[in-house]
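S.K.: Handing you this structure, nothing more for now.
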Amino acid sequence: MALPTNGRVVIDTTAGEIEIELWSKETPKTCRNFIALALEGYYDGVIFHRIVPGFLVQTGDKTGTGGGGESFYGEPFEDEIHPRLRYAHRGLVAMANNGTKNSNDSQFFITLDRADELHGKHTLFGRVMGDTVYNVMKIGEMEIGENERPVYPPKIKSITIVDNPFPDIIPRITAAEKRAQQRAREAGQREREEAERRRGAKKDVKLLSFGGEQDGETEPVEFKKKNIARPDLVDNPSAKGILMSESLLGPPKKYNEPPRERASEKESKLTHDSISDARRTEIEQMESEIRRLTRKREGGEDSDEEAARKKSKPTKSYLEEELAKYSKGRGLQKKGKGRKDEGDVLAALNSFRGLLQSNANRDNRVDDDGVGAVPGGEDPGIEVDDDRGFIGHALHFPKDDGEETRKAERDYEVIDPRQRGARAREEERERKRTAMKGKNGRGRR
């Protein structure tokens, strides 16, 4: 019979909740360490860094490596081995150590099966209750990599103290205060990163200037005007343009090119198009010649026209060929041909019937005349190759003189339950009728 527990906590993990009851009377120092660390939020965000399938799952190391951890007392504390607390089934919670005695800190494990080899080596201080043990089994079935480390390690989100057996515990810092400090550190980090980003950015005061942002160090912006040149109106197109004042500048005008230049461009374009058309035609001729030589080498057609004619010729698909094969038989059901087919079938049946009758008559004549009987009473037998001998076969039964029927009636009795019930009812009515007659006779005397 298991010892009674005193104290209960709920571990909220990414794989579900795990409810644990504590043996705080049998292992007071271990349970006090566990509850104090839980109140301080030490286990929040800690992963399950080790999974041994069918044996245990381990957590409690804030570094996530398996080599860290610290106790509430500031140093490793001693083991608390109780003789009545044994590793007899799954779901038992115990302290992990570094392989030596009295080296407990914050790491603990939960067993996945019976583990007698752990008795006397690790402090057993709690057990998993109810259906939450299946969440522990779910963690034990996760994928693991090298050194028994899970590929996607589950994490402890928080620990809730439902029943605290040590109300005198004063945590150094509560879980809420620790979370607030963490949020403050994260906010400060974000502010520092934002300041670094702003310090590294350069101002572009050329876009917008409000006076106060320039700090008197910005230089005035100078705008350079583009030169206006007309290379088509000068003999030397590479000459520099002539600067003009703004008063002389007006909307840009479009000047038409001389007709002589447009005509020359059109002629050059026509010449280029004709050259490209001739080249394209030559390439097509060469390709057709190559195809013709290839077909001639393979024993095929000699020209593209024959190949085109063969391609244009309709080819029947496999379905069309099968339909054409069976289309001959479909015509037998059409009107006008049904009578002819039925007449052929009837004629064949009549000829077969006549063959049977003629063969039967011939056998009767042979039996009457005694022809075919072999002297000495020997049966001549039937030739094996006589394929038409089956036509003269006849099926004969021995005459029934009624003996077999009488034997069947004598040996087999058919019992009808309805007939038996009717007979019983009839006998009951007959008995009542007899009894009534007897009573009436006594009354008359």
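Chain labels A, B, ... are given in the sequence in which chains occur in the structure tokens; within each chain residues are numbered consecutively from 1, and ligands are likewise numbered from 1 in the order shown.
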When DSSP works through the backbone of this structure, what residues of range 96-157 of chain A end up as strand (DSSP E or B), shown as a PDB file with N, CA, C and O atoms, in the first residue's frame?
M.R.:
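What landed in out-v5.pdb:
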ATOM      1  N   ASN A 104      22.188  16.591  -5.172  1.00  0.00           N
ATOM      2  CA  ASN A 104      20.908  17.038  -5.720  1.00  0.00           C
ATOM      3  C   ASN A 104      20.898  18.554  -5.864  1.00  0.00           C
ATOM      4  O   ASN A 104      21.407  19.272  -4.993  1.00  0.00           O
ATOM      5  N   PHE A 108      15.166  17.070 -12.059  1.00  0.00           N
ATOM      6  CA  PHE A 108      14.360  15.926 -11.642  1.00  0.00           C
ATOM      7  C   PHE A 108      13.919  15.161 -12.877  1.00  0.00           C
ATOM      8  O   PHE A 108      13.998  15.654 -14.001  1.00  0.00           O
ATOM      9  N   PHE A 109      13.446  13.933 -12.677  1.00  0.00           N
ATOM     10  CA  PHE A 109      12.985  13.100 -13.798  1.00  0.00           C
ATOM     11  C   PHE A 109      11.707  12.384 -13.403  1.00  0.00           C
ATOM     12  O   PHE A 109      11.374  12.267 -12.206  1.00  0.00           O
ATOM     13  N   ILE A 110      10.988  11.890 -14.434  1.00  0.00           N
ATOM     14  CA  ILE A 110       9.742  11.138 -14.252  1.00  0.00           C
ATOM     15  C   ILE A 110       9.918   9.810 -14.968  1.00  0.00           C
ATOM     16  O   ILE A 110      10.296   9.774 -16.152  1.00  0.00           O
ATOM     17  N   THR A 111       9.636   8.707 -14.273  1.00  0.00           N
ATOM     18  CA  THR A 111       9.835   7.380 -14.853  1.00  0.00           C
ATOM     19  C   THR A 111       8.715   7.052 -15.832  1.00  0.00           C
ATOM     20  O   THR A 111       7.566   7.497 -15.680  1.00  0.00           O
ATOM     21  N   LEU A 124      13.206   9.655  -4.261  1.00  0.00           N
ATOM     22  CA  LEU A 124      11.856   9.591  -4.819  1.00  0.00           C
ATOM     23  C   LEU A 124      10.951  10.445  -3.949  1.00  0.00           C
ATOM     24  O   LEU A 124      10.791  10.175  -2.752  1.00  0.00           O
ATOM     25  N   PHE A 125      10.352  11.519  -4.525  1.00  0.00           N
ATOM     26  CA  PHE A 125       9.585  12.458  -3.706  1.00  0.00           C
ATOM     27  C   PHE A 125       8.183  12.743  -4.225  1.00  0.00           C
ATOM     28  O   PHE A 125       7.448  13.521  -3.592  1.00  0.00           O
ATOM     29  N   GLY A 126       7.725  12.167  -5.332  1.00  0.00           N
ATOM     30  CA  GLY A 126       6.377  12.444  -5.827  1.00  0.00           C
ATOM     31  C   GLY A 126       5.926  11.425  -6.858  1.00  0.00           C
ATOM     32  O   GLY A 126       6.689  10.549  -7.286  1.00  0.00           O
ATOM     33  N   ARG A 127       4.642  11.534  -7.233  1.00  0.00           N
ATOM     34  CA  ARG A 127       4.064  10.645  -8.235  1.00  0.00           C
ATOM     35  C   ARG A 127       3.065  11.419  -9.092  1.00  0.00           C
ATOM     36  O   ARG A 127       2.410  12.347  -8.606  1.00  0.00           O
ATOM     37  N   VAL A 128       2.937  11.019 -10.353  1.00  0.00           N
ATOM     38  CA  VAL A 128       1.991  11.638 -11.288  1.00  0.00           C
ATOM     39  C   VAL A 128       0.624  11.015 -11.059  1.00  0.00           C
ATOM     40  O   VAL A 128       0.494   9.787 -10.927  1.00  0.00           O
ATOM     41  N   ILE A 144      13.933  11.647 -30.817  1.00  0.00           N
ATOM     42  CA  ILE A 144      15.171  12.028 -30.143  1.00  0.00           C
ATOM     43  C   ILE A 144      16.328  11.936 -31.123  1.00  0.00           C
ATOM     44  O   ILE A 144      16.285  11.194 -32.103  1.00  0.00           O
ATOM     45  N   PRO A 150      15.934  15.310 -27.256  1.00  0.00           N
ATOM     46  CA  PRO A 150      14.814  15.376 -28.207  1.00  0.00           C
ATOM     47  C   PRO A 150      15.097  16.373 -29.327  1.00  0.00           C
ATOM     48  O   PRO A 150      15.740  17.410 -29.121  1.00  0.00           O
ATOM     49  N   LYS A 155       8.569  21.928 -23.378  1.00  0.00           N
ATOM     50  CA  LYS A 155       8.996  22.981 -22.453  1.00  0.00           C
ATOM     51  C   LYS A 155       7.989  23.111 -21.300  1.00  0.00           C
ATOM     52  O   LYS A 155       6.780  22.909 -21.496  1.00  0.00           O
ATOM     53  N   ILE A 156       8.493  23.438 -20.139  1.00  0.00           N
ATOM     54  CA  ILE A 156       7.631  23.751 -18.991  1.00  0.00           C
ATOM     55  C   ILE A 156       7.223  25.218 -19.089  1.00  0.00           C
ATOM     56  O   ILE A 156       8.084  26.107 -19.103  1.00  0.00           O
ATOM     57  N   LYS A 157       5.912  25.464 -19.178  1.00  0.00           N
ATOM     58  CA  LYS A 157       5.439  26.838 -19.252  1.00  0.00           C
ATOM     59  C   LYS A 157       5.338  27.483 -17.867  1.00  0.00           C
ATOM     60  O   LYS A 157       5.726  28.636 -17.685  1.00  0.00           O
TER      61      LYS A 157
END
S.K.: Name the closest residue to Val133 in chain A among the candidates A:Asp61, A:Asp116, A:Glu75, A:Glu19; distances are taken between atoms, counting only C-alpha atoms.
M.R.: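 Closest candidate: A:Glu19.
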S.K.: What is the distance, in Å and to one decimal place, between CA of Gln58 in chain A and CA of Arg185 in chain A?
M.R.: 29.0 Å
S.K.: CA of Ala175 in chain A and CA of Leu39 in chain A are how many Å apart?
M.R.: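 Spanning CA of Ala175 in chain A to CA of Leu39 in chain A is a straight-line distance of 6.0 Å.
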S.K.: Measure the distance from CA of Ser158 in chain A to CA of Thr27 in chain A in Å and round it to one decimal.
M.R.: 23.1 Å
S.K.: Determine, counting only C-alpha atoms, which protein, DNA and RNA residues have an atom within 12 Å of an atom of Ala88 in chain A; residues of the same chain fewer than 5 positions away are not included. Present the result as a list in words.
M.R.: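 Contacts, in chain order: Met1, Ala2, Val93, Thr111, Leu112, Asp113, Arg114, Ala115, Asp116, Glu117, Leu118, His119, Leu124 and Arg127 of chain A.
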S.K.: So, with only C-alpha atoms as the atoms that count, which of A:Ile290, A:Leu85, A:Ile47, A:Ile159 lies closest to Glu26 in chain A?
M.R.: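 Among the listed residues, A:Leu85 lies closest to Glu26 in chain A.
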S.K.: Would you please give, as an MDAnalysis selection string, all residues of range 8-121 of chain A that DSSP assigns to helix (DSSP H, G or I) based on the backbone?
M.R.: chainID A and resid 28:39 116:118
